[in-house]
Amino acid sequence: MTIEARTLLPIAEQAVSIARDIIRTQVPGAITAKGDRDMATEVDYAVEHAVREFLTQETPEIGFLGEEEGISRTGDGLMWALDPLDGTANFLHGIPLCAVSLGLVSNDMPTLGVIDLPFLDIRYTAAEGIGAQANRSPIQVSDARDLETTIVAIGDYAVGEHAQERNRPRLTITQELAARVQRIRMFGSAAIDLAWVAQGRIDATIMLSNNPWDTAAGVTIAREAGASVIDIDGSPHSMAAQATIAASPKLVAPLIELIAEAHKVARHSPSTAE
């Protein structure tokens with residue numbers, strides 16, 4: 001199926017507006033446990049149901065993947081990827097750093113993104129080839145060149161099974177960054193991390209994960225704003241990547257070097273469980 005992503009941007013924005021209204025007007029409601037220290041609220045499910053229903057009506061030929069209920073419809077090479085409420089823990093604690101994230105993926109490559117921050121009144125949009133915007137104004141990645149002057153966001157630490165082992169490289173990267181960069185930030189939302197790289201509010205983000213609902217929208221927005229978005233080995237990012245690293249282009253080389261060194265240190269560090 002061949003559809004230009006830009007033609008679907010108005011539909012994606014309508015879908016996200018539906019989600020925004022639900023988040024702003026409904027209380028969290030009952031909490032459903034999803035594993036160790038992970039949860040979803042009634043709002044997460046309400047948003048996913050409403051957006052899925054809308055997109056099924058508007059684009060029945062495109063597949064749909066939601067964080068809470070998985071793939072509910074397959075498409076011919078195209079799929080919507082929705083995180084109905086990225087930053088649920090923040091939402092539950094009254095922290096306004098949460099977002100709706102809706103991306104379009106074409107054969108493992110994100111091509112469109114809409115991210116809305118309901119409590120900060122800002123919306124980020126992008127589609128392949130047309131640039132990125134925040135509240136209809138063009139945005140651009142920062143021109144940062146040296147790690148020493150940068151603010152770098154990191155993704156949440158792992159929880160659940162094998163969390164200790166999975167967190168070894170994360171903690172080592174944090175330690176290496178602490179010795180090099182101006183500041184480290186953990187906002188608790190992959191969508192916000194990527195959108196703020198795109199806007200130049202931060203200079204880079206490092207996430208050792210790559211769930212399509214978390215990253216599809218933000219990767220498109222960051223790329224269209226001029227960021228380099230790569231996998232952990234420096235190769236171009238796709239939905240099949242192991243990690244999601246977005247940065248001002250001139251920071252890519254030193255970041256890859258830092259991450260590689262951190263992984264080397266983590267591999268040779270004795271486990272605290274031993």
# chains A, B, ... in the order shown; residues from 1 in each chain; ligands from 1
>>> select_by_dssp(residues="stretch 224-269 of chain A", states="strand (DSSP E or B)", output="list in words")
Ser228, Val229, Ile230, Pro236, Thr244, Ile245, Ala246 and Ala247 of chain A
>>> write_last_selection(atoms="all heavy atoms", output="PDB file, in the first residue's frame")
ATOM      1  N   SER A 228      19.745  13.232  14.623  1.00  0.00           N
ATOM      2  CA  SER A 228      20.154  11.892  14.215  1.00  0.00           C
ATOM      3  C   SER A 228      19.506  10.912  15.183  1.00  0.00           C
ATOM      4  O   SER A 228      19.585  11.087  16.404  1.00  0.00           O
ATOM      5  CB  SER A 228      21.671  11.745  14.276  1.00  0.00           C
ATOM      6  OG  SER A 228      22.296  12.558  13.306  1.00  0.00           O
ATOM      7  N   VAL A 229      18.845   9.891  14.654  1.00  0.00           N
ATOM      8  CA  VAL A 229      18.212   8.879  15.497  1.00  0.00           C
ATOM      9  C   VAL A 229      18.797   7.532  15.102  1.00  0.00           C
ATOM     10  O   VAL A 229      18.690   7.106  13.943  1.00  0.00           O
ATOM     11  CB  VAL A 229      16.677   8.882  15.336  1.00  0.00           C
ATOM     12  CG1 VAL A 229      16.057   7.966  16.395  1.00  0.00           C
ATOM     13  CG2 VAL A 229      16.111  10.294  15.470  1.00  0.00           C
ATOM     14  N   ILE A 230      19.414   6.861  16.060  1.00  0.00           N
ATOM     15  CA  ILE A 230      20.210   5.674  15.758  1.00  0.00           C
ATOM     16  C   ILE A 230      19.942   4.559  16.767  1.00  0.00           C
ATOM     17  O   ILE A 230      19.363   4.775  17.840  1.00  0.00           O
ATOM     18  CB  ILE A 230      21.714   6.008  15.771  1.00  0.00           C
ATOM     19  CG1 ILE A 230      22.105   6.659  17.108  1.00  0.00           C
ATOM     20  CG2 ILE A 230      22.077   6.923  14.614  1.00  0.00           C
ATOM     21  CD1 ILE A 230      23.569   6.936  17.280  1.00  0.00           C
ATOM     22  N   PRO A 236      21.289   3.273  11.545  1.00  0.00           N
ATOM     23  CA  PRO A 236      20.025   4.017  11.516  1.00  0.00           C
ATOM     24  C   PRO A 236      18.927   3.302  12.292  1.00  0.00           C
ATOM     25  O   PRO A 236      18.812   2.071  12.250  1.00  0.00           O
ATOM     26  CB  PRO A 236      19.693   4.080  10.016  1.00  0.00           C
ATOM     27  CG  PRO A 236      21.009   3.958   9.336  1.00  0.00           C
ATOM     28  CD  PRO A 236      21.813   3.030  10.192  1.00  0.00           C
ATOM     29  N   THR A 244      16.980   3.323  21.324  1.00  0.00           N
ATOM     30  CA  THR A 244      16.561   4.546  20.649  1.00  0.00           C
ATOM     31  C   THR A 244      17.401   5.699  21.176  1.00  0.00           C
ATOM     32  O   THR A 244      17.247   6.120  22.321  1.00  0.00           O
ATOM     33  CB  THR A 244      15.065   4.832  20.909  1.00  0.00           C
ATOM     34  OG1 THR A 244      14.302   3.669  20.596  1.00  0.00           O
ATOM     35  CG2 THR A 244      14.586   6.007  20.073  1.00  0.00           C
ATOM     36  N   ILE A 245      18.299   6.181  20.335  1.00  0.00           N
ATOM     37  CA  ILE A 245      19.200   7.271  20.717  1.00  0.00           C
ATOM     38  C   ILE A 245      18.995   8.403  19.721  1.00  0.00           C
ATOM     39  O   ILE A 245      19.156   8.217  18.517  1.00  0.00           O
ATOM     40  CB  ILE A 245      20.664   6.800  20.705  1.00  0.00           C
ATOM     41  CG1 ILE A 245      20.844   5.644  21.703  1.00  0.00           C
ATOM     42  CG2 ILE A 245      21.609   7.956  21.021  1.00  0.00           C
ATOM     43  CD1 ILE A 245      22.060   4.801  21.455  1.00  0.00           C
ATOM     44  N   ALA A 246      18.610   9.555  20.222  1.00  0.00           N
ATOM     45  CA  ALA A 246      18.370  10.721  19.367  1.00  0.00           C
ATOM     46  C   ALA A 246      19.215  11.874  19.884  1.00  0.00           C
ATOM     47  O   ALA A 246      19.285  12.099  21.099  1.00  0.00           O
ATOM     48  CB  ALA A 246      16.895  11.106  19.372  1.00  0.00           C
ATOM     49  N   ALA A 247      19.835  12.608  18.966  1.00  0.00           N
ATOM     50  CA  ALA A 247      20.745  13.656  19.393  1.00  0.00           C
ATOM     51  C   ALA A 247      21.012  14.648  18.282  1.00  0.00           C
ATOM     52  O   ALA A 247      20.803  14.352  17.098  1.00  0.00           O
ATOM     53  CB  ALA A 247      22.078  13.042  19.839  1.00  0.00           C
TER      54      ALA A 247
END
>>> select_by_dssp(residues="stretch 35-65 of chain A", states="alpha helix (DSSP H)", output="NGL selection string")
:A and (42-58)
>>> residues_around(residues="stretch 213-223 of chain A", least_positions_apart="6", cutoff="7 Å", atoms="only C-alpha atoms", output="PyMOL selection string")
chain A and resi 66-67+81-83+101-105+110-115+125-127+132+190-191+194-195+197-198+229
>>> write_last_selection(atoms="N, CA and C atoms", output="short mmCIF file (atom, residue, chain, number, x, y, z; two decimals), in the first residue's frame")
data_model
loop_
_atom_site.label_atom_id
_atom_site.label_comp_id
_atom_site.auth_asym_id
_atom_site.auth_seq_id
_atom_site.Cartn_x
_atom_site.Cartn_y
_atom_site.Cartn_z
N GLY A 66 -1.80 -0.85 19.80
CA GLY A 66 -1.88 -0.03 21.01
C GLY A 66 -1.08 -0.66 22.12
N GLU A 67 -0.54 0.15 23.01
CA GLU A 67 0.28 -0.39 24.10
C GLU A 67 -0.52 -1.34 24.99
N ALA A 81 0.70 3.22 15.56
CA ALA A 81 1.26 2.77 16.83
C ALA A 81 0.93 3.83 17.89
N LEU A 82 0.15 3.44 18.88
CA LEU A 82 -0.37 4.38 19.88
C LEU A 82 0.10 4.05 21.28
N ASP A 83 0.65 5.05 21.95
CA ASP A 83 0.78 5.00 23.40
C ASP A 83 -0.29 5.95 23.93
N SER A 101 0.93 9.66 22.28
CA SER A 101 1.90 9.48 21.21
C SER A 101 1.31 8.58 20.14
N LEU A 102 1.11 9.14 18.94
CA LEU A 102 0.54 8.38 17.83
C LEU A 102 1.48 8.48 16.63
N GLY A 103 1.99 7.33 16.21
CA GLY A 103 2.89 7.29 15.07
C GLY A 103 2.34 6.40 13.97
N LEU A 104 2.85 6.59 12.78
CA LEU A 104 2.53 5.73 11.65
C LEU A 104 3.81 5.03 11.23
N VAL A 105 3.75 3.72 11.12
CA VAL A 105 4.92 2.91 10.76
C VAL A 105 4.68 2.26 9.40
N PRO A 110 9.19 4.51 10.94
CA PRO A 110 8.19 5.52 11.29
C PRO A 110 8.18 6.65 10.28
N THR A 111 6.99 7.09 9.89
CA THR A 111 6.89 8.11 8.84
C THR A 111 6.02 9.30 9.24
N LEU A 112 5.35 9.22 10.36
CA LEU A 112 4.48 10.31 10.82
C LEU A 112 4.40 10.26 12.33
N GLY A 113 4.27 11.43 12.95
CA GLY A 113 4.14 11.44 14.40
C GLY A 113 3.35 12.63 14.90
N VAL A 114 2.51 12.38 15.89
CA VAL A 114 1.82 13.43 16.63
C VAL A 114 1.96 13.12 18.11
N ILE A 115 2.51 14.06 18.85
CA ILE A 115 2.66 13.93 20.29
C ILE A 115 2.00 15.14 20.94
N THR A 125 4.13 17.83 15.83
CA THR A 125 3.68 17.10 14.65
C THR A 125 4.80 17.01 13.62
N ALA A 126 4.77 15.94 12.86
CA ALA A 126 5.74 15.79 11.76
C ALA A 126 5.27 14.68 10.84
N ALA A 127 5.66 14.79 9.60
CA ALA A 127 5.49 13.71 8.63
C ALA A 127 6.71 13.73 7.73
N ALA A 132 9.20 19.34 11.15
CA ALA A 132 8.51 19.15 12.43
C ALA A 132 8.06 20.49 12.99
N ALA A 190 9.05 8.58 27.07
CA ALA A 190 9.86 8.51 25.86
C ALA A 190 9.42 9.53 24.84
N ALA A 191 8.11 9.74 24.75
CA ALA A 191 7.58 10.70 23.78
C ALA A 191 8.09 12.10 24.06
N LEU A 194 11.89 12.49 23.16
CA LEU A 194 12.15 12.66 21.73
C LEU A 194 11.64 14.00 21.21
N ALA A 195 10.48 14.43 21.68
CA ALA A 195 9.94 15.72 21.24
C ALA A 195 10.83 16.86 21.70
N VAL A 197 14.09 16.69 22.31
CA VAL A 197 15.28 16.71 21.47
C VAL A 197 14.97 17.46 20.18
N ALA A 198 13.82 17.16 19.59
CA ALA A 198 13.43 17.82 18.34
C ALA A 198 13.34 19.33 18.51
N VAL A 229 18.85 9.89 14.65
CA VAL A 229 18.21 8.88 15.50
C VAL A 229 18.80 7.53 15.10
#
>>> residues_around(residues="A:Ala240", least_positions_apart="4", cutoff="9 Å", atoms="only C-alpha atoms", output="list of chain:residue names")
A:Asp108, A:Met109, A:Asn210, A:Pro212
>>> closest_atom_pairs(of="stretch 147-204 of chain A", to="stretch 253-263 of chain A", cutoff="12 Å", atoms="only C-alpha atoms", output="tab-separated table")
residue	atom	partner	partner_atom	distance
A:Leu147	CA	A:Pro254	CA	7.5
A:Glu148	CA	A:Pro254	CA	10.7
A:Thr150	CA	A:Leu255	CA	11.2
A:Val152	CA	A:Leu255	CA	10.1
A:Ile154	CA	A:Ile259	CA	12.0
A:Glu165	CA	A:His263	CA	11.8
A:Arg166	CA	A:His263	CA	11.0
A:Asn167	CA	A:His263	CA	10.9
A:Arg168	CA	A:His263	CA	8.4
A:Pro169	CA	A:His263	CA	5.4
A:Arg170	CA	A:Ala262	CA	8.4
A:Leu171	CA	A:Ala262	CA	8.8
A:Thr172	CA	A:Ala262	CA	5.4
A:Ile173	CA	A:Ala262	CA	5.3
A:Thr174	CA	A:Ala262	CA	8.8
A:Gln175	CA	A:Ala262	CA	8.4
A:Glu176	CA	A:Ala262	CA	6.8
A:Leu177	CA	A:Leu258	CA	7.8
A:Ala178	CA	A:Leu258	CA	11.3
A:Ala179	CA	A:Leu258	CA	10.7
A:Arg180	CA	A:Leu258	CA	9.3
A:Val181	CA	A:Leu255	CA	10.4
A:Asp203	CA	A:Leu255	CA	11.2
A:Ala204	CA	A:Leu255	CA	8.9
>>> closest_residue(among="A:Thr41, A:Val51, A:Ile122, A:Thr59", to="A:Ala134", atoms="only C-alpha atoms")
A:Ile122
>>> atom_distance(atom1="atom CA of A:Leu78", atom2="atom CA of A:Met39")
28.2 Å
>>> atom_distance(atom1="atom CA of A:Pro84", atom2="atom CA of A:Ala99")
7.8 Å
>>> residues_around(residues="A:Gly188", least_positions_apart="4", cutoff="8 Å", atoms="only C-alpha atoms", output="PyMOL selection string")
chain A and resi 87+89-90+97-98+155-156
>>> decode(residues="stretch 147-208 of chain A", atoms="C-alpha atoms", output="JSON list (two decimals), in the first residue's frame")
[["chain", "number", "residue", "atom", "x", "y", "z"],
["A", 147, "LEU", "CA", 28.97, 16.73, 25.70],
["A", 148, "GLU", "CA", 30.19, 19.07, 28.43],
["A", 149, "THR", "CA", 27.56, 21.68, 27.52],
["A", 150, "THR", "CA", 24.63, 19.32, 26.97],
["A", 151, "ILE", "CA", 21.50, 18.20, 28.78],
["A", 152, "VAL", "CA", 20.87, 14.51, 28.12],
["A", 153, "ALA", "CA", 17.69, 12.63, 29.01],
["A", 154, "ILE", "CA", 17.77, 8.95, 29.84],
["A", 155, "GLY", "CA", 14.96, 6.41, 29.70],
["A", 156, "ASP", "CA", 13.45, 4.78, 32.76],
["A", 157, "TYR", "CA", 15.38, 2.00, 34.43],
["A", 158, "ALA", "CA", 14.19, -1.55, 33.87],
["A", 159, "VAL", "CA", 11.79, -3.26, 36.26],
["A", 160, "GLY", "CA", 10.52, -6.82, 36.40],
["A", 161, "GLU", "CA", 12.33, -9.98, 35.38],
["A", 162, "HIS", "CA", 16.13, -9.70, 35.03],
["A", 163, "ALA", "CA", 15.92, -5.99, 35.95],
["A", 164, "GLN", "CA", 19.23, -6.08, 37.82],
["A", 165, "GLU", "CA", 21.07, -7.46, 34.81],
["A", 166, "ARG", "CA", 19.30, -5.11, 32.37],
["A", 167, "ASN", "CA", 20.05, -2.10, 34.56],
["A", 168, "ARG", "CA", 23.79, -2.68, 34.71],
["A", 169, "PRO", "CA", 24.48, -0.90, 31.39],
["A", 170, "ARG", "CA", 21.84, 1.73, 32.18],
["A", 171, "LEU", "CA", 23.46, 2.58, 35.49],
["A", 172, "THR", "CA", 26.93, 2.58, 33.97],
["A", 173, "ILE", "CA", 25.78, 4.92, 31.19],
["A", 174, "THR", "CA", 24.29, 7.20, 33.85],
["A", 175, "GLN", "CA", 27.62, 7.21, 35.68],
["A", 176, "GLU", "CA", 29.57, 7.97, 32.51],
["A", 177, "LEU", "CA", 27.17, 10.77, 31.57],
["A", 178, "ALA", "CA", 27.37, 12.26, 35.07],
["A", 179, "ALA", "CA", 31.11, 12.67, 34.61],
["A", 180, "ARG", "CA", 30.80, 14.32, 31.20],
["A", 181, "VAL", "CA", 27.58, 16.22, 30.52],
["A", 182, "GLN", "CA", 26.18, 19.41, 31.98],
["A", 183, "ARG", "CA", 23.01, 17.75, 33.35],
["A", 184, "ILE", "CA", 21.12, 14.43, 33.17],
["A", 185, "ARG", "CA", 17.33, 14.34, 33.15],
["A", 186, "MET", "CA", 14.76, 11.54, 33.48],
["A", 187, "PHE", "CA", 11.32, 12.82, 32.48],
["A", 188, "GLY", "CA", 9.54, 9.46, 32.55],
["A", 189, "SER", "CA", 8.13, 9.68, 29.02],
["A", 190, "ALA", "CA", 9.86, 8.51, 25.86],
["A", 191, "ALA", "CA", 7.58, 10.70, 23.78],
["A", 192, "ILE", "CA", 8.58, 13.82, 25.69],
["A", 193, "ASP", "CA", 12.27, 12.89, 25.52],
["A", 194, "LEU", "CA", 12.15, 12.66, 21.73],
["A", 195, "ALA", "CA", 9.94, 15.72, 21.24],
["A", 196, "TRP", "CA", 12.22, 17.84, 23.41],
["A", 197, "VAL", "CA", 15.28, 16.71, 21.47],
["A", 198, "ALA", "CA", 13.43, 17.82, 18.34],
["A", 199, "GLN", "CA", 12.65, 21.20, 19.88],
["A", 200, "GLY", "CA", 16.18, 21.73, 21.21],
["A", 201, "ARG", "CA", 15.04, 21.81, 24.83],
["A", 202, "ILE", "CA", 17.45, 18.97, 25.48],
["A", 203, "ASP", "CA", 20.39, 17.90, 23.33],
["A", 204, "ALA", "CA", 20.07, 14.11, 23.36],
["A", 205, "THR", "CA", 18.15, 11.18, 24.76],
["A", 206, "ILE", "CA", 19.31, 7.62, 25.38],
["A", 207, "MET", "CA", 16.77, 4.81, 25.76],
["A", 208, "LEU", "CA", 17.91, 1.21, 25.86]]
